[in-house]
Amino acid sequence: MSIYREKNRKTKDLIQGSFIKILEKKTFESITVGDIAKQAQINRGTFYLHFIDKFDLLDQIEQRLFGDLGNHIDELQSNYSSTHTFEKEQEQLAATLFSAIKMQSPLLKIFLSDHGRAGFHLRFREAFSEKVRVNLEKNESFKATLKVPMEYFLSFITSAFLGLIEQWVQNDLDKTPQEMTILYIDIISFIQKKNTKKV
């Protein structure tokens, strides 16, 4: 990496870090480019060399967050064995994601709060749902046994999972990723047993 590119990256990271610090105290709507430049100790011109505006800045941070979580899903998918059942894959997926969420929890806590930009929940859900869909469609046995339309299945799974994540973050990570995985699996198993009894 050239010296120029390294300096460029460090400046960009500085701007993003400064923005996050301000977001802890102020709402996204009330933050100005001037606020960010002052916190980062740069001039406004330097900010505009790296970002179009504060919306572009936040979009890039969100996309990096979504991309990081998506990479964990992809990595897990590449390690799946053909002998794994869907239930086992779900357990591994949950464990991997809860661990990743723990690492990103400071950022998620801000984005999920009133200080974050409106619509984060929807953007998070859309990115998560698409990544899960792509990976589920690679599982031939799952597709062959799925008895409901994929979009409804994804809506249920992603809403349930993200609901747990949001509650966990709001509770200041009162459980370990392993405990959250067990909780998730127990809830899914409880629902399955209830539906089995009804049938």
# chains A, B, ... in the order shown; residues from 1 in each chain; ligands from 1
>>> closest_atom_pairs(of="region 90-142 of chain A", to="region 27-46 of chain A", cutoff="10 Å", atoms="only C-alpha atoms", output="JSON lines")
{"residue": "A:Ile110", "atom": "CA", "partner": "A:Thr27", "partner_atom": "CA", "distance": 9.7}
{"residue": "A:Phe111", "atom": "CA", "partner": "A:Phe28", "partner_atom": "CA", "distance": 9.5}
{"residue": "A:Ser113", "atom": "CA", "partner": "A:Thr27", "partner_atom": "CA", "distance": 9.2}
{"residue": "A:Asp114", "atom": "CA", "partner": "A:Thr27", "partner_atom": "CA", "distance": 6.9}
{"residue": "A:His115", "atom": "CA", "partner": "A:Thr27", "partner_atom": "CA", "distance": 3.9}
{"residue": "A:Gly116", "atom": "CA", "partner": "A:Phe28", "partner_atom": "CA", "distance": 5.7}
{"residue": "A:Arg117", "atom": "CA", "partner": "A:Phe28", "partner_atom": "CA", "distance": 5.7}
{"residue": "A:Ala118", "atom": "CA", "partner": "A:Phe28", "partner_atom": "CA", "distance": 8.7}
>>> write_last_selection(atoms="C-alpha atoms", output="PDB file, in the first residue's frame")
ATOM      1  CA  ILE A 110     -25.852   3.565  18.755  1.00  0.00           C
ATOM      2  CA  PHE A 111     -27.550   2.771  15.440  1.00  0.00           C
ATOM      3  CA  SER A 113     -30.940   4.009  19.565  1.00  0.00           C
ATOM      4  CA  ASP A 114     -32.832   7.251  19.001  1.00  0.00           C
ATOM      5  CA  HIS A 115     -29.540   8.809  17.915  1.00  0.00           C
ATOM      6  CA  GLY A 116     -29.289   6.617  14.839  1.00  0.00           C
ATOM      7  CA  ARG A 117     -30.635   7.466  11.415  1.00  0.00           C
ATOM      8  CA  ALA A 118     -34.281   6.584  10.867  1.00  0.00           C
TER       9      ALA A 118
END
>>> atom_distance(atom1="CA of Leu164 (chain A)", atom2="CA of Gly70 (chain A)")
17.7 Å
>>> closest_residue(among="A:Gln90, A:Ala100, A:Pro106, A:Leu122", to="Lys21 (chain A)", atoms="only C-alpha atoms")
A:Pro106
>>> residues_around(residues="Leu58 (chain A)", least_positions_apart="3", cutoff="10 Å", atoms="only C-alpha atoms", output="JSON, numbers by chain")
{"A": [16, 19, 20, 28, 51, 53, 54, 55, 61, 62, 63, 64, 111, 116, 117]}
>>> write_last_selection(atoms="all heavy atoms", output="CSV table (one decimal), in the first residue's frame")
chain,number,residue,atom,x,y,z
A,16,GLN,N,-14.6,8.7,10.4
A,16,GLN,CA,-15.7,7.8,10.8
A,16,GLN,C,-15.7,7.6,12.3
A,16,GLN,O,-16.8,7.6,13.0
A,16,GLN,CB,-15.5,6.4,10.1
A,16,GLN,CG,-15.7,6.5,8.6
A,16,GLN,CD,-15.5,5.1,8.0
A,16,GLN,OE1,-14.8,4.3,8.5
A,16,GLN,NE2,-16.1,4.9,6.8
A,19,PHE,N,-17.1,10.7,13.9
A,19,PHE,CA,-18.6,10.8,13.7
A,19,PHE,C,-19.3,9.9,14.7
A,19,PHE,O,-20.3,10.3,15.3
A,19,PHE,CB,-18.9,10.3,12.3
A,19,PHE,CG,-20.4,10.1,12.0
A,19,PHE,CD1,-21.3,11.2,12.0
A,19,PHE,CD2,-20.8,8.8,11.7
A,19,PHE,CE1,-22.6,11.0,11.8
A,19,PHE,CE2,-22.2,8.6,11.5
A,19,PHE,CZ,-23.1,9.7,11.5
A,20,ILE,N,-18.8,8.7,14.9
A,20,ILE,CA,-19.4,7.8,15.9
A,20,ILE,C,-19.4,8.3,17.3
A,20,ILE,O,-20.4,8.2,18.1
A,20,ILE,CB,-18.7,6.4,15.9
A,20,ILE,CG1,-18.9,5.7,14.5
A,20,ILE,CG2,-19.2,5.5,17.0
A,20,ILE,CD1,-20.3,5.5,14.1
A,28,PHE,N,-28.5,11.9,14.8
A,28,PHE,CA,-27.9,12.0,13.4
A,28,PHE,C,-28.4,13.3,12.8
A,28,PHE,O,-27.6,14.0,12.1
A,28,PHE,CB,-28.3,10.8,12.6
A,28,PHE,CG,-27.9,10.9,11.2
A,28,PHE,CD1,-26.6,10.7,10.8
A,28,PHE,CD2,-28.9,11.2,10.2
A,28,PHE,CE1,-26.2,10.9,9.5
A,28,PHE,CE2,-28.5,11.3,8.9
A,28,PHE,CZ,-27.1,11.1,8.5
A,51,PHE,N,-16.0,12.0,1.7
A,51,PHE,CA,-17.4,11.7,1.7
A,51,PHE,C,-18.2,12.9,1.1
A,51,PHE,O,-17.8,14.0,1.1
A,51,PHE,CB,-17.9,11.6,3.2
A,51,PHE,CG,-17.1,10.5,3.9
A,51,PHE,CD1,-16.1,10.8,4.8
A,51,PHE,CD2,-17.5,9.2,3.8
A,51,PHE,CE1,-15.4,9.9,5.5
A,51,PHE,CE2,-16.7,8.2,4.5
A,51,PHE,CZ,-15.7,8.5,5.3
A,53,ASP,N,-21.4,13.7,1.9
A,53,ASP,CA,-22.1,14.4,3.0
A,53,ASP,C,-22.2,13.4,4.2
A,53,ASP,O,-21.6,12.4,4.1
A,53,ASP,CB,-23.4,14.9,2.6
A,53,ASP,CG,-24.3,13.8,1.9
A,53,ASP,OD1,-24.1,12.6,2.2
A,53,ASP,OD2,-25.1,14.1,1.1
A,54,LYS,N,-22.9,13.8,5.2
A,54,LYS,CA,-23.0,13.0,6.4
A,54,LYS,C,-23.8,11.7,6.1
A,54,LYS,O,-23.6,10.7,6.7
A,54,LYS,CB,-23.6,13.7,7.6
A,54,LYS,CG,-25.1,14.1,7.4
A,54,LYS,CD,-25.6,14.7,8.7
A,54,LYS,CE,-27.1,15.0,8.6
A,54,LYS,NZ,-27.6,15.6,9.9
A,55,PHE,N,-24.7,11.8,5.1
A,55,PHE,CA,-25.5,10.6,4.7
A,55,PHE,C,-24.6,9.6,4.1
A,55,PHE,O,-24.7,8.4,4.3
A,55,PHE,CB,-26.6,11.0,3.8
A,55,PHE,CG,-27.7,11.9,4.4
A,55,PHE,CD1,-27.6,13.2,4.3
A,55,PHE,CD2,-28.7,11.3,5.1
A,55,PHE,CE1,-28.5,14.1,4.9
A,55,PHE,CE2,-29.7,12.1,5.7
A,55,PHE,CZ,-29.6,13.5,5.6
A,61,ILE,N,-20.4,3.5,6.7
A,61,ILE,CA,-20.3,2.8,7.9
A,61,ILE,C,-21.2,1.6,8.0
A,61,ILE,O,-20.9,0.5,8.5
A,61,ILE,CB,-20.4,3.7,9.1
A,61,ILE,CG1,-19.3,4.8,9.1
A,61,ILE,CG2,-20.4,3.0,10.5
A,61,ILE,CD1,-19.5,5.9,10.2
A,62,GLU,N,-22.5,1.8,7.7
A,62,GLU,CA,-23.5,0.8,7.7
A,62,GLU,C,-23.1,-0.3,6.8
A,62,GLU,O,-23.3,-1.5,7.1
A,62,GLU,CB,-24.9,1.4,7.4
A,62,GLU,CG,-25.5,2.2,8.4
A,62,GLU,CD,-26.9,2.6,8.1
A,62,GLU,OE1,-27.4,2.2,7.0
A,62,GLU,OE2,-27.6,3.3,8.9
A,63,GLN,N,-22.7,0.0,5.6
A,63,GLN,CA,-22.4,-1.1,4.6
A,63,GLN,C,-21.2,-1.9,5.1
A,63,GLN,O,-21.2,-3.1,4.8
A,63,GLN,CB,-22.1,-0.4,3.2
A,63,GLN,CG,-23.3,0.1,2.5
A,63,GLN,CD,-24.5,-0.9,2.4
A,63,GLN,OE1,-24.2,-2.0,2.0
A,63,GLN,NE2,-25.7,-0.5,2.8
A,64,ARG,N,-20.3,-1.3,5.7
A,64,ARG,CA,-19.1,-2.0,6.3
A,64,ARG,C,-19.6,-3.0,7.4
A,64,ARG,O,-19.1,-4.1,7.5
A,64,ARG,CB,-18.0,-1.1,6.8
A,64,ARG,CG,-16.7,-1.8,7.2
A,64,ARG,CD,-15.6,-0.8,7.4
A,64,ARG,NE,-15.8,0.0,8.6
A,64,ARG,CZ,-15.0,0.9,9.0
A,64,ARG,NH1,-13.8,1.1,8.4
A,64,ARG,NH2,-15.2,1.7,10.1
A,111,PHE,N,-26.7,2.8,16.6
A,111,PHE,CA,-27.6,2.8,15.4
A,111,PHE,C,-29.0,2.4,15.8
A,111,PHE,O,-29.9,2.8,15.1
A,111,PHE,CB,-27.0,1.8,14.4
A,111,PHE,CG,-25.8,2.4,13.6
A,111,PHE,CD1,-25.1,1.6,12.8
A,111,PHE,CD2,-25.4,3.7,13.8
A,111,PHE,CE1,-24.0,2.1,12.1
A,111,PHE,CE2,-24.3,4.2,13.1
A,111,PHE,CZ,-23.6,3.4,12.3
A,116,GLY,N,-29.6,7.1,16.2
A,116,GLY,CA,-29.3,6.6,14.8
A,116,GLY,C,-30.2,7.2,13.8
A,116,GLY,O,-31.2,7.9,14.1
A,117,ARG,N,-29.8,7.0,12.5
A,117,ARG,CA,-30.6,7.5,11.4
A,117,ARG,C,-31.9,6.6,11.3
A,117,ARG,O,-31.9,5.4,11.4
A,117,ARG,CB,-29.8,7.4,10.1
A,117,ARG,CG,-30.5,7.9,8.9
A,117,ARG,CD,-29.6,7.7,7.7
A,117,ARG,NE,-30.3,7.9,6.4
A,117,ARG,CZ,-29.8,7.6,5.2
A,117,ARG,NH1,-28.6,7.1,5.2
A,117,ARG,NH2,-30.4,7.9,4.1
>>> atom_distance(atom1="CA of Asp186 (chain A)", atom2="CA of Ser155 (chain A)")
19.2 Å
>>> atom_distance(atom1="CA of Lys131 (chain A)", atom2="CA of Gly163 (chain A)")
17.1 Å
>>> closest_residue(among="A:Phe120, A:Glu151, A:Ala127, A:Glu91", to="Ile188 (chain A)", atoms="only C-alpha atoms")
A:Glu91
>>> decode(residues="region 114-143 of chain A", atoms="N, CA and C atoms", output="short mmCIF file (atom, residue, chain, number, x, y, z; two decimals), in the first residue's frame")
data_model
loop_
_atom_site.label_atom_id
_atom_site.label_comp_id
_atom_site.auth_asym_id
_atom_site.auth_seq_id
_atom_site.Cartn_x
_atom_site.Cartn_y
_atom_site.Cartn_z
N ASP A 114 -32.17 6.08 19.59
CA ASP A 114 -32.83 7.25 19.00
C ASP A 114 -31.84 8.17 18.29
N HIS A 115 -30.55 7.97 18.55
CA HIS A 115 -29.54 8.81 17.92
C HIS A 115 -29.23 8.37 16.49
N GLY A 116 -29.58 7.13 16.17
CA GLY A 116 -29.29 6.62 14.84
C GLY A 116 -30.20 7.21 13.78
N ARG A 117 -29.83 6.98 12.54
CA ARG A 117 -30.63 7.47 11.42
C ARG A 117 -31.89 6.63 11.28
N ALA A 118 -33.00 7.29 11.01
CA ALA A 118 -34.28 6.58 10.87
C ALA A 118 -34.18 5.50 9.80
N GLY A 119 -34.81 4.36 10.07
CA GLY A 119 -34.86 3.27 9.10
C GLY A 119 -33.74 2.27 9.21
N PHE A 120 -32.87 2.39 10.23
CA PHE A 120 -31.76 1.44 10.34
C PHE A 120 -32.27 0.01 10.49
N HIS A 121 -33.33 -0.17 11.27
CA HIS A 121 -33.88 -1.51 11.48
C HIS A 121 -34.22 -2.16 10.13
N LEU A 122 -34.86 -1.38 9.25
CA LEU A 122 -35.26 -1.92 7.95
C LEU A 122 -34.05 -2.22 7.07
N ARG A 123 -33.06 -1.34 7.08
CA ARG A 123 -31.87 -1.57 6.26
C ARG A 123 -31.09 -2.78 6.78
N PHE A 124 -31.02 -2.91 8.09
CA PHE A 124 -30.34 -4.05 8.70
C PHE A 124 -31.06 -5.35 8.33
N ARG A 125 -32.37 -5.32 8.44
CA ARG A 125 -33.16 -6.51 8.13
C ARG A 125 -33.04 -6.89 6.66
N GLU A 126 -33.08 -5.91 5.78
CA GLU A 126 -32.98 -6.19 4.35
C GLU A 126 -31.64 -6.81 3.99
N ALA A 127 -30.55 -6.25 4.53
CA ALA A 127 -29.22 -6.78 4.24
C ALA A 127 -29.06 -8.19 4.81
N PHE A 128 -29.55 -8.39 6.02
CA PHE A 128 -29.46 -9.69 6.68
C PHE A 128 -30.30 -10.73 5.94
N SER A 129 -31.52 -10.34 5.57
CA SER A 129 -32.44 -11.26 4.89
C SER A 129 -31.87 -11.72 3.55
N GLU A 130 -31.29 -10.79 2.80
CA GLU A 130 -30.74 -11.13 1.49
C GLU A 130 -29.56 -12.09 1.62
N LYS A 131 -28.72 -11.85 2.62
CA LYS A 131 -27.57 -12.73 2.82
C LYS A 131 -28.01 -14.13 3.23
N VAL A 132 -28.99 -14.23 4.11
CA VAL A 132 -29.51 -15.53 4.54
C VAL A 132 -30.16 -16.24 3.35
N ARG A 133 -30.92 -15.49 2.55
CA ARG A 133 -31.59 -16.08 1.38
C ARG A 133 -30.59 -16.72 0.43
N VAL A 134 -29.55 -15.97 0.10
CA VAL A 134 -28.54 -16.46 -0.84
C VAL A 134 -27.91 -17.76 -0.33
N ASN A 135 -27.64 -17.81 0.95
CA ASN A 135 -27.01 -19.01 1.51
C ASN A 135 -27.98 -20.17 1.65
N LEU A 136 -29.23 -19.88 1.99
CA LEU A 136 -30.22 -20.97 2.10
C LEU A 136 -30.49 -21.61 0.74
N GLU A 137 -30.47 -20.81 -0.30
CA GLU A 137 -30.76 -21.34 -1.63
C GLU A 137 -29.66 -22.29 -2.13
N LYS A 138 -28.52 -22.28 -1.45
CA LYS A 138 -27.45 -23.22 -1.79
C LYS A 138 -27.69 -24.58 -1.15
N ASN A 139 -28.64 -24.63 -0.21
CA ASN A 139 -28.94 -25.88 0.50
C ASN A 139 -30.09 -26.60 -0.21
N GLU A 140 -29.75 -27.57 -1.03
CA GLU A 140 -30.76 -28.27 -1.84
C GLU A 140 -31.77 -29.03 -0.99
N SER A 141 -31.31 -29.66 0.08
CA SER A 141 -32.22 -30.43 0.93
C SER A 141 -33.21 -29.50 1.62
N PHE A 142 -32.76 -28.31 1.98
CA PHE A 142 -33.66 -27.34 2.62
C PHE A 142 -34.73 -26.89 1.63
N LYS A 143 -34.32 -26.55 0.44
CA LYS A 143 -35.28 -26.07 -0.57
C LYS A 143 -36.31 -27.16 -0.91
#
